[in-house]
>>> print(open('data-v2.txt').read())   # compact mmCIF, C-alpha atoms and all ligand atoms
# COMPACT_ATOMS: atom_id res chain seq x y z
CA MET A 1 32.20 -13.42 -16.23
CA THR A 2 28.75 -14.85 -16.72
CA GLU A 3 25.91 -13.02 -15.06
CA PRO A 4 26.10 -14.09 -11.40
CA THR A 5 22.57 -13.15 -10.38
CA SER A 6 19.46 -15.23 -10.85
CA ARG A 7 17.15 -14.60 -13.77
CA ARG A 8 14.32 -14.39 -11.28
CA VAL A 9 15.76 -11.40 -9.49
CA ARG A 10 17.17 -9.79 -12.63
CA ALA A 11 13.61 -9.66 -13.92
CA ILE A 12 12.33 -7.38 -11.17
CA ALA A 13 12.87 -3.65 -10.76
CA GLU A 14 13.83 -1.82 -7.59
CA SER A 15 10.88 -0.34 -5.69
CA VAL A 16 10.43 3.07 -7.33
CA THR A 17 8.71 4.47 -4.23
CA LEU A 18 11.60 3.53 -1.98
CA ALA A 19 14.17 4.65 -4.58
CA ILE A 20 12.65 8.12 -4.88
CA THR A 21 12.34 8.44 -1.14
CA ALA A 22 16.00 7.48 -0.75
CA ARG A 23 17.03 9.97 -3.45
CA ALA A 24 15.15 12.80 -1.75
CA LYS A 25 16.65 11.91 1.62
CA ALA A 26 20.17 11.75 0.15
CA LEU A 27 19.76 15.18 -1.43
CA ARG A 28 18.55 16.55 1.89
CA ALA A 29 21.50 14.97 3.70
CA ALA A 30 23.78 16.72 1.18
CA GLY A 31 22.27 20.03 2.25
CA GLU A 32 19.71 20.41 -0.58
CA ASP A 33 16.31 21.75 0.38
CA VAL A 34 14.14 18.99 -1.12
CA ILE A 35 10.46 18.44 -0.34
CA GLY A 36 9.58 14.75 -0.52
CA PHE A 37 6.13 13.90 -1.86
CA GLY A 38 7.43 10.45 -2.68
CA ALA A 39 7.19 8.28 0.38
CA GLY A 40 3.82 6.96 1.38
CA GLU A 41 4.63 7.37 5.02
CA PRO A 42 2.90 9.35 7.78
CA ASP A 43 4.85 12.37 9.01
CA PHE A 44 3.52 11.89 12.56
CA ALA A 45 5.49 10.30 15.37
CA THR A 46 4.22 6.95 16.62
CA PRO A 47 1.74 7.56 19.50
CA ASP A 48 3.35 7.88 22.95
CA HIS A 49 1.59 4.90 24.53
CA VAL A 50 2.92 2.66 21.75
CA VAL A 51 6.47 3.88 22.23
CA ALA A 52 6.14 3.38 26.00
CA ALA A 53 5.03 -0.23 25.49
CA ALA A 54 8.05 -0.84 23.27
CA GLN A 55 10.35 0.64 25.91
CA ARG A 56 8.93 -1.73 28.49
CA ALA A 57 9.33 -4.64 26.07
CA CYS A 58 13.02 -3.79 25.61
CA ALA A 59 13.55 -4.37 29.32
CA ASP A 60 11.76 -7.73 29.42
CA PRO A 61 14.28 -10.59 29.13
CA ALA A 62 11.55 -12.97 27.93
CA LEU A 63 11.40 -10.86 24.79
CA HIS A 64 15.13 -11.04 24.18
CA ARG A 65 14.67 -14.54 22.78
CA TYR A 66 13.21 -16.07 19.64
CA SER A 67 9.44 -16.23 19.74
CA PRO A 68 7.00 -18.24 17.59
CA ALA A 69 7.67 -17.57 13.89
CA GLY A 70 4.05 -16.64 13.23
CA GLY A 71 3.87 -13.98 15.93
CA LEU A 72 3.46 -13.59 19.67
CA PRO A 73 0.26 -15.40 20.68
CA ALA A 74 -1.10 -12.24 22.35
CA LEU A 75 -0.56 -10.25 19.18
CA ARG A 76 -2.22 -12.86 16.97
CA GLU A 77 -5.20 -12.74 19.34
CA ALA A 78 -5.24 -8.95 19.29
CA ILE A 79 -5.11 -8.88 15.48
CA ALA A 80 -8.04 -11.27 15.21
CA ALA A 81 -10.01 -9.21 17.75
CA ALA A 82 -9.18 -5.84 16.15
CA THR A 83 -10.13 -7.18 12.72
CA GLY A 84 -13.50 -8.25 14.08
CA ARG A 85 -14.06 -4.85 15.71
CA ASN A 86 -12.90 -2.78 12.76
CA SER A 87 -14.22 -4.59 9.73
CA GLY A 88 -16.56 -7.21 11.13
CA LEU A 89 -14.48 -10.10 9.78
CA ASP A 90 -14.73 -13.03 12.13
CA ALA A 91 -11.19 -14.46 12.19
CA GLY A 92 -9.35 -16.68 14.64
CA PRO A 93 -5.73 -16.27 15.78
CA ASP A 94 -4.87 -19.50 13.92
CA GLU A 95 -5.57 -17.63 10.68
CA VAL A 96 -3.04 -14.87 11.45
CA VAL A 97 0.64 -14.69 10.51
CA VAL A 98 2.59 -11.68 11.78
CA SER A 99 5.22 -10.56 9.28
CA ASN A 100 7.78 -7.81 8.70
CA GLY A 101 5.24 -5.35 7.40
CA GLY A 102 2.36 -5.73 5.03
CA LYS A 103 4.92 -6.01 2.24
CA HIS A 104 6.35 -9.21 3.69
CA ALA A 105 2.86 -10.57 4.35
CA LEU A 106 2.05 -10.05 0.66
CA PHE A 107 5.26 -11.79 -0.35
CA ASN A 108 4.28 -14.80 1.77
CA VAL A 109 0.84 -14.88 0.20
CA PHE A 110 2.15 -14.90 -3.37
CA GLN A 111 4.68 -17.58 -2.50
CA ALA A 112 2.06 -19.72 -0.79
CA LEU A 113 -0.65 -19.46 -3.43
CA VAL A 114 0.88 -18.99 -6.85
CA GLU A 115 2.26 -21.67 -9.19
CA PRO A 116 4.46 -20.74 -12.14
CA GLY A 117 2.22 -19.79 -15.05
CA ASP A 118 -0.72 -18.75 -12.90
CA GLU A 119 -2.22 -15.41 -13.84
CA VAL A 120 -2.59 -12.64 -11.28
CA LEU A 121 -5.09 -9.87 -11.98
CA LEU A 122 -3.91 -6.42 -10.97
CA PRO A 123 -6.29 -3.52 -11.41
CA ALA A 124 -4.06 -0.67 -12.60
CA PRO A 125 -2.87 1.74 -11.30
CA TYR A 126 -1.47 -0.73 -8.77
CA TRP A 127 1.02 -0.50 -5.95
CA VAL A 128 4.59 -1.02 -7.23
CA SER A 129 5.40 -4.16 -5.27
CA TYR A 130 2.43 -6.30 -6.40
CA PRO A 131 3.66 -7.13 -9.91
CA GLU A 132 7.22 -7.78 -8.80
CA GLN A 133 6.18 -10.03 -5.94
CA ALA A 134 3.78 -11.88 -8.23
CA ARG A 135 6.55 -12.39 -10.81
CA LEU A 136 8.94 -13.62 -8.13
CA ALA A 137 6.40 -16.35 -7.45
CA GLY A 138 6.37 -17.23 -11.16
CA ALA A 139 3.04 -15.59 -11.97
CA GLU A 140 2.09 -13.83 -15.15
CA VAL A 141 0.78 -10.40 -14.31
CA VAL A 142 -2.41 -9.31 -16.06
CA ALA A 143 -2.98 -5.59 -15.57
CA VAL A 144 -6.59 -4.45 -15.82
CA PRO A 145 -6.47 -0.73 -16.59
CA THR A 146 -8.84 1.76 -14.97
CA ASP A 147 -9.12 5.49 -15.59
CA VAL A 148 -10.14 8.79 -14.06
CA ALA A 149 -13.66 8.44 -15.50
CA SER A 150 -14.31 5.28 -13.46
CA GLY A 151 -12.72 6.82 -10.38
CA PHE A 152 -9.87 4.33 -10.90
CA ARG A 153 -12.19 1.48 -9.91
CA VAL A 154 -12.29 -1.77 -11.81
CA SER A 155 -15.65 -3.25 -12.80
CA VAL A 156 -16.79 -6.87 -12.70
CA ASP A 157 -17.11 -6.76 -16.50
CA GLN A 158 -13.48 -5.75 -16.86
CA LEU A 159 -12.37 -8.50 -14.49
CA GLU A 160 -14.46 -11.06 -16.32
CA ALA A 161 -12.96 -9.98 -19.66
CA ALA A 162 -9.47 -10.49 -18.20
CA ARG A 163 -10.22 -13.87 -16.62
CA THR A 164 -8.86 -17.05 -18.20
CA ALA A 165 -8.60 -20.68 -17.09
CA ARG A 166 -5.24 -19.75 -15.56
CA THR A 167 -6.48 -16.87 -13.40
CA LYS A 168 -5.45 -17.67 -9.85
CA LEU A 169 -5.96 -14.50 -7.92
CA LEU A 170 -6.99 -10.89 -7.87
CA VAL A 171 -5.24 -8.26 -5.79
CA PHE A 172 -7.87 -5.89 -4.44
CA CYS A 173 -6.68 -2.73 -2.68
CA SER A 174 -9.26 -0.33 -1.28
CA PRO A 175 -8.50 2.40 -0.24
CA SER A 176 -6.00 2.22 -3.04
CA ASN A 177 -2.37 3.05 -3.26
CA PRO A 178 -1.61 4.92 -5.54
CA THR A 179 -4.97 6.47 -6.46
CA GLY A 180 -6.74 6.79 -3.11
CA ALA A 181 -9.86 5.25 -4.70
CA VAL A 182 -12.32 3.65 -2.28
CA TYR A 183 -14.78 1.12 -3.68
CA PRO A 184 -18.41 1.50 -2.58
CA PRO A 185 -19.76 -1.48 -0.59
CA GLU A 186 -22.00 -2.79 -3.39
CA GLN A 187 -19.10 -2.83 -5.86
CA VAL A 188 -16.88 -4.67 -3.36
CA ALA A 189 -19.66 -7.22 -2.85
CA ALA A 190 -20.12 -7.67 -6.59
CA ILE A 191 -16.39 -8.27 -7.09
CA GLY A 192 -16.38 -10.75 -4.20
CA ARG A 193 -19.34 -12.64 -5.66
CA TRP A 194 -17.66 -12.73 -9.08
CA ALA A 195 -14.47 -14.15 -7.52
CA ALA A 196 -16.40 -16.78 -5.55
CA ARG A 197 -18.37 -17.80 -8.64
CA HIS A 198 -15.19 -18.47 -10.59
CA GLY A 199 -12.97 -19.85 -7.81
CA VAL A 200 -10.61 -16.88 -8.01
CA TRP A 201 -8.62 -16.07 -4.86
CA VAL A 202 -8.71 -12.48 -3.63
CA VAL A 203 -5.87 -10.83 -1.78
CA CYS A 204 -7.47 -7.87 0.00
CA ASP A 205 -4.93 -5.24 0.92
CA GLU A 206 -6.63 -3.28 3.71
CA ILE A 207 -3.61 -1.35 4.94
CA TYR A 208 -5.41 2.01 4.46
CA GLU A 209 -8.63 0.75 6.06
CA HIS A 210 -8.84 3.62 8.57
CA LEU A 211 -7.93 6.39 6.15
CA VAL A 212 -11.20 7.26 4.43
CA TYR A 213 -12.70 10.73 4.12
CA GLY A 214 -16.08 12.38 3.79
CA ASP A 215 -18.91 9.90 3.28
CA ALA A 216 -16.65 7.12 2.01
CA ARG A 217 -16.59 3.93 4.02
CA HIS A 218 -14.21 1.01 3.94
CA VAL A 219 -15.73 -2.46 3.82
CA SER A 220 -13.90 -5.74 3.88
CA LEU A 221 -14.57 -7.90 0.82
CA PRO A 222 -15.06 -11.22 2.68
CA VAL A 223 -17.55 -9.50 5.00
CA VAL A 224 -19.76 -8.11 2.26
CA ALA A 225 -19.25 -11.18 0.05
CA PRO A 226 -19.15 -14.11 2.48
CA ALA A 227 -19.04 -16.58 -0.42
CA ALA A 228 -15.53 -15.31 -1.20
CA ARG A 229 -14.28 -15.82 2.36
CA GLU A 230 -12.84 -19.30 1.82
CA ARG A 231 -10.57 -18.03 -0.95
CA CYS A 232 -9.69 -14.71 0.60
CA VAL A 233 -6.52 -13.43 2.24
CA VAL A 234 -6.65 -10.11 4.07
CA VAL A 235 -3.40 -8.19 4.45
CA ASN A 236 -3.07 -5.36 6.92
CA GLY A 237 -0.57 -3.75 9.28
CA VAL A 238 0.12 -0.95 11.73
CA ALA A 239 2.32 1.16 9.42
CA LYS A 240 -0.23 3.60 8.02
CA THR A 241 -2.91 3.56 10.68
CA TYR A 242 -0.63 4.25 13.63
CA ALA A 243 2.28 6.03 11.93
CA MET A 244 4.52 3.00 12.44
CA THR A 245 6.21 2.43 9.08
CA GLY A 246 9.65 1.86 10.60
CA TRP A 247 8.52 -0.74 13.13
CA ARG A 248 7.81 -3.29 10.42
CA VAL A 249 4.73 -5.13 11.60
CA GLY A 250 2.06 -6.39 9.23
CA TRP A 251 -0.01 -9.54 8.95
CA SER A 252 -2.11 -11.82 6.83
CA ILE A 253 -5.43 -13.44 7.68
CA ALA A 254 -5.96 -16.51 5.56
CA PRO A 255 -7.75 -19.86 5.65
CA PRO A 256 -5.81 -22.25 7.95
CA PRO A 257 -4.11 -24.35 5.20
CA VAL A 258 -2.73 -21.20 3.56
CA THR A 259 -1.72 -19.82 6.94
CA ARG A 260 0.12 -23.05 7.73
CA ALA A 261 1.97 -22.84 4.40
CA MET A 262 3.02 -19.25 5.12
CA LEU A 263 4.15 -20.24 8.62
CA ARG A 264 6.37 -22.95 7.17
CA LEU A 265 7.82 -20.49 4.71
CA GLN A 266 8.39 -17.76 7.28
CA SER A 267 9.97 -20.23 9.71
CA HIS A 268 12.81 -20.66 7.20
CA VAL A 269 13.07 -17.11 5.97
CA THR A 270 12.78 -14.57 8.78
CA SER A 271 11.56 -16.38 11.93
CA ASN A 272 9.67 -14.03 14.23
CA VAL A 273 9.27 -10.28 13.74
CA ALA A 274 11.32 -8.35 16.34
CA ASN A 275 9.54 -8.83 19.66
CA VAL A 276 9.82 -5.16 20.62
CA SER A 277 7.99 -4.21 17.44
CA GLN A 278 5.36 -6.85 18.12
CA ALA A 279 4.83 -5.45 21.63
CA ALA A 280 4.42 -2.00 20.09
CA ALA A 281 1.89 -3.30 17.57
CA LEU A 282 -0.04 -4.97 20.39
CA ALA A 283 -0.26 -1.68 22.28
CA ALA A 284 -1.40 0.08 19.12
CA LEU A 285 -4.17 -2.44 18.40
CA ASP A 286 -5.36 -2.60 22.00
CA GLY A 287 -5.22 1.19 22.35
CA PRO A 288 -7.70 3.89 21.40
CA LEU A 289 -8.54 4.82 17.83
CA ASP A 290 -8.86 8.52 18.65
CA VAL A 291 -5.17 9.05 17.83
CA VAL A 292 -5.94 7.69 14.40
CA ALA A 293 -8.96 9.96 14.03
CA ARG A 294 -6.79 13.01 14.74
CA MET A 295 -4.27 12.02 12.07
CA ARG A 296 -7.09 11.31 9.64
CA ASP A 297 -8.59 14.77 10.18
CA THR A 298 -5.24 16.31 9.36
CA TYR A 299 -4.86 14.23 6.20
CA ALA A 300 -8.40 15.18 5.17
CA ARG A 301 -7.54 18.87 5.40
CA ARG A 302 -4.29 18.44 3.46
CA ARG A 303 -6.04 16.37 0.81
CA THR A 304 -8.47 19.17 -0.06
CA LEU A 305 -5.81 21.84 -0.03
CA ALA A 306 -3.36 19.94 -2.23
CA ARG A 307 -5.97 18.70 -4.64
CA GLU A 308 -7.43 22.17 -5.25
CA LEU A 309 -4.07 23.62 -6.07
CA LEU A 310 -3.01 20.80 -8.38
CA ASP A 311 -6.30 20.65 -10.22
CA SER A 312 -6.05 24.38 -10.97
CA LEU A 313 -2.75 23.99 -12.84
CA PRO A 314 -2.92 24.00 -16.64
CA GLY A 315 -2.73 20.50 -18.15
CA VAL A 316 -3.19 18.81 -14.76
CA GLU A 317 -6.33 16.87 -13.87
CA CYS A 318 -6.52 15.82 -10.25
CA PRO A 319 -9.48 13.80 -8.97
CA LEU A 320 -10.36 14.09 -5.27
CA PRO A 321 -9.64 10.66 -3.80
CA ASP A 322 -11.72 9.23 -0.95
CA GLY A 323 -8.96 7.45 0.94
CA ALA A 324 -5.29 6.72 1.75
CA PHE A 325 -2.98 9.76 1.60
CA TYR A 326 -2.15 10.06 -2.07
CA LEU A 327 -3.17 12.26 -4.97
CA PHE A 328 -2.82 10.79 -8.42
CA PRO A 329 -3.13 13.58 -10.99
CA SER A 330 -2.95 13.06 -14.72
CA VAL A 331 -0.32 15.30 -16.29
CA ALA A 332 -1.12 14.18 -19.83
CA GLY A 333 -1.90 17.82 -20.70
CA VAL A 334 1.61 18.88 -19.71
CA LEU A 335 3.62 16.12 -21.39
CA GLY A 336 5.06 16.91 -24.80
CA GLY A 337 3.75 20.47 -24.50
CA PRO A 338 5.70 23.72 -24.12
CA PRO A 339 8.99 23.33 -22.23
CA VAL A 340 8.76 23.09 -18.47
CA ALA A 341 11.60 25.01 -16.82
CA GLY A 342 13.38 25.01 -20.19
CA ARG A 343 12.98 21.26 -20.80
CA THR A 344 10.39 19.31 -22.74
CA ALA A 345 9.03 16.49 -20.62
CA ARG A 346 7.62 13.72 -22.79
CA THR A 347 6.90 11.23 -20.02
CA SER A 348 5.95 11.45 -16.37
CA VAL A 349 9.39 10.05 -15.51
CA GLU A 350 10.96 13.02 -17.31
CA LEU A 351 8.54 15.43 -15.65
CA CYS A 352 9.47 14.07 -12.22
CA ASP A 353 13.15 14.60 -13.09
CA VAL A 354 12.47 18.20 -14.09
CA LEU A 355 10.49 18.82 -10.92
CA LEU A 356 13.24 17.37 -8.75
CA GLU A 357 16.05 19.20 -10.49
CA THR A 358 14.44 22.58 -10.91
CA ALA A 359 11.85 22.79 -8.14
CA ARG A 360 13.45 20.48 -5.59
CA VAL A 361 10.27 18.43 -5.12
CA ALA A 362 10.28 14.63 -5.27
CA LEU A 363 7.21 12.92 -6.79
CA VAL A 364 6.71 9.38 -8.06
CA PRO A 365 6.06 8.90 -11.80
CA GLY A 366 2.99 6.88 -12.74
CA GLU A 367 5.02 4.37 -14.78
CA GLY A 368 5.88 2.42 -11.61
CA PHE A 369 2.18 1.98 -10.93
CA GLY A 370 1.29 0.92 -14.46
CA ALA A 371 -0.12 4.38 -15.24
CA PRO A 372 2.16 6.46 -17.46
CA GLY A 373 0.98 10.05 -17.79
CA CYS A 374 0.21 10.34 -14.09
CA LEU A 375 2.16 11.31 -10.99
CA ARG A 376 1.73 10.27 -7.39
CA LEU A 377 2.05 12.68 -4.50
CA SER A 378 1.77 11.71 -0.87
CA TYR A 379 0.23 14.43 1.27
CA ALA A 380 1.37 12.77 4.49
CA LEU A 381 3.94 15.49 5.08
CA SER A 382 3.90 18.48 7.41
CA ASP A 383 1.63 21.43 6.64
CA ARG A 384 4.63 23.68 6.14
CA GLU A 385 6.38 21.30 3.76
CA LEU A 386 3.16 20.66 1.91
CA ALA A 387 2.54 24.37 1.34
CA THR A 388 6.13 25.03 0.26
CA GLY A 389 6.20 21.99 -2.04
CA LEU A 390 2.92 22.90 -3.69
CA ASP A 391 4.13 26.47 -4.26
CA ARG A 392 7.21 25.09 -5.96
CA ILE A 393 5.16 22.82 -8.22
CA ALA A 394 2.88 25.73 -9.10
CA ASP A 395 5.89 27.90 -9.94
CA VAL A 396 7.07 25.35 -12.50
CA LEU A 397 3.74 24.15 -13.92
CA GLY A 398 1.51 27.18 -13.29
N1 LIG B 1 0.23 -2.34 0.73
C1 LIG B 1 0.13 -1.09 0.30
C2 LIG B 1 -0.97 -0.75 -0.65
C3 LIG B 1 1.02 -0.11 0.73
O1 LIG B 1 0.91 1.14 0.29
C4 LIG B 1 2.04 -0.47 1.61
C5 LIG B 1 3.01 0.58 2.08
N2 LIG B 1 4.08 0.72 1.25
C6 LIG B 1 2.12 -1.79 2.02
C7 LIG B 1 1.20 -2.71 1.57
C8 LIG B 1 3.19 -2.32 2.93
O2 LIG B 1 3.31 -1.62 4.10
P1 LIG B 1 4.34 -2.06 5.20
O3 LIG B 1 5.22 -3.11 4.64
O4 LIG B 1 5.07 -0.80 5.54
O5 LIG B 1 3.50 -2.57 6.33
N1 LIG B 2 3.57 2.42 0.84
C1 LIG B 2 4.60 3.37 0.66
C2 LIG B 2 4.59 3.85 -0.77
O1 LIG B 2 3.95 3.29 -1.61
C3 LIG B 2 5.93 3.03 1.19
C4 LIG B 2 7.04 2.70 0.26
C5 LIG B 2 7.00 1.28 -0.18
O2 LIG B 2 7.09 0.40 0.68
O3 LIG B 2 6.86 1.08 -1.37
O4 LIG B 2 5.21 4.84 -1.02
>>> encode(input="data-v2.txt", output="structure tokens", more="lines below")
Ligand code: PMP
Ligand code: GLU
Amino acid sequence: MTEPTSRRVRAIAESVTLAITARAKALRAAGEDVIGFGAGEPDFATPDHVVAAAQRACADPALHRYSPAGGLPALREAIAAATGRNSGLDAGPDEVVVSNGGKHALFNVFQALVEPGDEVLLPAPYWVSYPEQARLAGAEVVAVPTDVASGFRVSVDQLEAARTARTKLLVFCSPSNPTGAVYPPEQVAAIGRWAARHGVWVVCDEIYEHLVYGDARHVSLPVVAPAARERCVVVNGVAKTYAMTGWRVGWSIAPPPVTRAMLRLQSHVTSNVANVSQAAALAALDGPLDVVARMRDTYARRRTLARELLDSLPGVECPLPDGAFYLFPSVAGVLGGPPVAGRTARTSVELCDVLLETARVALVPGEGFGAPGCLRLSYALSDRELATGLDRIADVLG
């Protein structure tokens, strides 16, 4: 039989983050004691007032029906208002599309903006879904590598060296998944000015906006570089900020013509996001941010603890990231060296296999993020699991 699936979809890989999370969960379901550092997902329950709002929404017959494909009007208003409060970006509800998570919002953006053959600049390490979504839209992905020395932050010079006449857009993620890097305001402004100067669109993924530590501060690119605003799409969501990954609510904020294109697309693909989830997101955005501050304080404590231990292991170099809830150590000093638990790991994929099989800890290899030689750990897991998991890693690599 000839290959039944489309070339387009054959060309993309499964999400490595979701695959590893599923593998760890399956092992646990089979009775194995696995600690999952894989999923980038808060271990906290969704705040009570959000759950209560969703329960009320379940009982409201008006919400048992289809609603506007781009989101409940009250939620679009609340998103515009919260964006103004949180980042200072002045956006109207007509610029907002509510989607099934930030991931779906990003998919809409690539579909709406990219023509086959356009080039998409991805500072690497990048989140796994960017290149695949860009390719699905027909783009050519141009990775712009960064390293530990630069704090995993791309410079304007690097972007300029990668720019061609076909460069359509840059994906800019700060705080970053997978590295946790947070760009200082002046560097964000410089990148925004560069993009504006050359007519390059910027997709600003701000999903970790509230998760910054110490003196680091998140700034929104179109706020600090207003010249870039007319070619800027901001993507955000409730998943990370409010511990709501399973509710599937994210959004884009884009200039009205792009928003209208995404609305047309979404009206044929998914229609509205589940109304109960939208009601929950509304309660989250209209509610207090102190619940977020409490979660952030916990992440901050775990970040220091986990980083210190990892950085002390031979062959492991672990920078202290300023945001998100990931550590992204280089394990270059371990790879190809003396056997680890009786096996020689030549790549970070192999090292992750060894760690899962012998230490029962699930980590994500850097390959999926365009950074072989590194591993990603999420520290958004309970204190007890974190301590046990780190002990297990130290037993194998220490
Ligand atoms: N962007 C980044 C950088 C992420 O880490 C995630 C979470 N996987 C998303 C977007 C999408 O989040 P969600 O679809 O859960 O809202
Ligand atoms: N953002 C998370 C991660 O990177 C969730 C999994 C996913 O959607 O890829 O692990």
>>> residues_around(input="data-v2.txt", residues="Ala52 of chain A", least_positions_apart="2", cutoff="12 Å", atoms="all atoms listed in the file", output="ChimeraX atom specification")
/A:46-50,54-59,276-277,279-284
>>> residues_around(input="data-v2.txt", residues="segment 154-157 of chain A", least_positions_apart="2", cutoff="10 Å", atoms="all atoms listed in the file", output="number ranges by chain")
A: 122-124, 144-147, 150-152, 159-163, 172, 183, 187-188, 190-195
>>> write_last_selection(input="data-v2.txt", atoms="C-alpha atoms", output="CSV table (one decimal), in the frame of the given file")
chain,number,residue,atom,x,y,z
A,122,LEU,CA,-3.9,-6.4,-11.0
A,123,PRO,CA,-6.3,-3.5,-11.4
A,124,ALA,CA,-4.1,-0.7,-12.6
A,144,VAL,CA,-6.6,-4.4,-15.8
A,145,PRO,CA,-6.5,-0.7,-16.6
A,146,THR,CA,-8.8,1.8,-15.0
A,147,ASP,CA,-9.1,5.5,-15.6
A,150,SER,CA,-14.3,5.3,-13.5
A,151,GLY,CA,-12.7,6.8,-10.4
A,152,PHE,CA,-9.9,4.3,-10.9
A,159,LEU,CA,-12.4,-8.5,-14.5
A,160,GLU,CA,-14.5,-11.1,-16.3
A,161,ALA,CA,-13.0,-10.0,-19.7
A,162,ALA,CA,-9.5,-10.5,-18.2
A,163,ARG,CA,-10.2,-13.9,-16.6
A,172,PHE,CA,-7.9,-5.9,-4.4
A,183,TYR,CA,-14.8,1.1,-3.7
A,187,GLN,CA,-19.1,-2.8,-5.9
A,188,VAL,CA,-16.9,-4.7,-3.4
A,190,ALA,CA,-20.1,-7.7,-6.6
A,191,ILE,CA,-16.4,-8.3,-7.1
A,192,GLY,CA,-16.4,-10.8,-4.2
A,193,ARG,CA,-19.3,-12.6,-5.7
A,194,TRP,CA,-17.7,-12.7,-9.1
A,195,ALA,CA,-14.5,-14.2,-7.5
>>> closest_residue(input="data-v2.txt", among="A:Ala274, A:Leu285, A:Cys173, A:Ala69", to="ligand LIG 2 (chain B)", atoms="all atoms listed in the file")
A:Cys173
>>> closest_residue(input="data-v2.txt", among="A:Arg264, A:Lys240, A:Arg360, A:Arg76", to="ligand LIG 1 (chain B)", atoms="all atoms listed in the file")
A:Lys240
>>> closest_atom_pairs(input="data-v2.txt", of="chain A", to="ligand LIG 1 (chain B)", cutoff="8 Å", atoms="all atoms listed in the file", output="Markdown table")
| residue | atom | partner | partner_atom | distance |
| --- | --- | --- | --- | --- |
| A:Gly40 | CA | B:LIG1 | N2 | 6.2 |
| A:Glu41 | CA | B:LIG1 | C5 | 7.6 |
| A:Asn100 | CA | B:LIG1 | O3 | 6.7 |
| A:Gly101 | CA | B:LIG1 | O5 | 3.4 |
| A:Gly102 | CA | B:LIG1 | O5 | 3.6 |
| A:Lys103 | CA | B:LIG1 | O3 | 3.8 |
| A:His104 | CA | B:LIG1 | O3 | 6.3 |
| A:Ala105 | CA | B:LIG1 | O3 | 7.8 |
| A:Leu106 | CA | B:LIG1 | C7 | 7.4 |
| A:Trp127 | CA | B:LIG1 | C2 | 5.7 |
| A:Cys173 | CA | B:LIG1 | C2 | 6.4 |
| A:Ser176 | CA | B:LIG1 | C2 | 6.3 |
| A:Asn177 | CA | B:LIG1 | C2 | 4.8 |
| A:Pro178 | CA | B:LIG1 | O1 | 7.4 |
| A:Asp205 | CA | B:LIG1 | N1 | 5.9 |
| A:Glu206 | CA | B:LIG1 | N1 | 7.5 |
| A:Ile207 | CA | B:LIG1 | N1 | 5.8 |
| A:Tyr208 | CA | B:LIG1 | C2 | 7.3 |
| A:Val235 | CA | B:LIG1 | C7 | 7.7 |
| A:Asn236 | CA | B:LIG1 | O5 | 7.2 |
| A:Gly237 | CA | B:LIG1 | O5 | 5.2 |
| A:Val238 | CA | B:LIG1 | O5 | 6.6 |
| A:Ala239 | CA | B:LIG1 | O5 | 5.0 |
| A:Lys240 | CA | B:LIG1 | O4 | 7.3 |
| A:Met244 | CA | B:LIG1 | O4 | 7.9 |
| A:Thr245 | CA | B:LIG1 | O4 | 4.9 |
| A:Gly246 | CA | B:LIG1 | O4 | 7.3 |
| A:Arg248 | CA | B:LIG1 | O5 | 6.0 |
| A:Val249 | CA | B:LIG1 | O5 | 6.0 |
| A:Gly250 | CA | B:LIG1 | O5 | 5.0 |
>>> closest_residue(input="data-v2.txt", among="A:Gly31, A:Gly117, A:Gly315, A:Gly180", to="ligand LIG 2 (chain B)", atoms="only C-alpha atoms and all ligand atoms")
A:Gly180
>>> closest_residue(input="data-v2.txt", among="A:Leu121, A:Val354, A:Val223, A:Ala22", to="Asp90 of chain A", atoms="all atoms listed in the file")
A:Val223
>>> closest_residue(input="data-v2.txt", among="A:Val34, A:Ala24, A:Val114, A:Val202", to="Glu385 of chain A", atoms="all atoms listed in the file")
A:Val34
>>> residues_near_point(input="data-v2.txt", point="(-9.2, 18.6, -0.3)", cutoff="10 Å", atoms="all atoms listed in the file", output="NGL selection string")
:A and (213 or 299-309 or 319-322 or 327)
>>> closest_residue(input="data-v2.txt", among="A:Glu350, A:Asp60, A:Glu132, A:Asp286", to="ligand LIG 2 (chain B)", atoms="only C-alpha atoms and all ligand atoms")
A:Glu132
>>> atom_distance(input="data-v2.txt", atom1="atom CA of Gly370 of chain A", atom2="atom CA of Arg7 of chain A")
22.2 Å
>>> atom_distance(input="data-v2.txt", atom1="atom CA of Tyr130 of chain A", atom2="atom CA of Val142 of chain A")
11.2 Å
>>> residues_around(input="data-v2.txt", residues="Thr298 of chain A", least_positions_apart="6", cutoff="12 Å", atoms="only C-alpha atoms", output="list of chain:residue names")
A:Pro42, A:Asp43, A:Phe44, A:Leu211, A:Val212, A:Tyr213, A:Val291, A:Val292, A:Thr304, A:Leu305, A:Phe325, A:Tyr379, A:Ala380, A:Leu381, A:Ser382, A:Asp383
>>> residues_near_point(input="data-v2.txt", point="(3.1, -12.8, 14.3)", cutoff="10 Å", atoms="all atoms listed in the file", output="ChimeraX atom specification")
/A:67-77,79,93,96-100,249-252,263,271-275,278
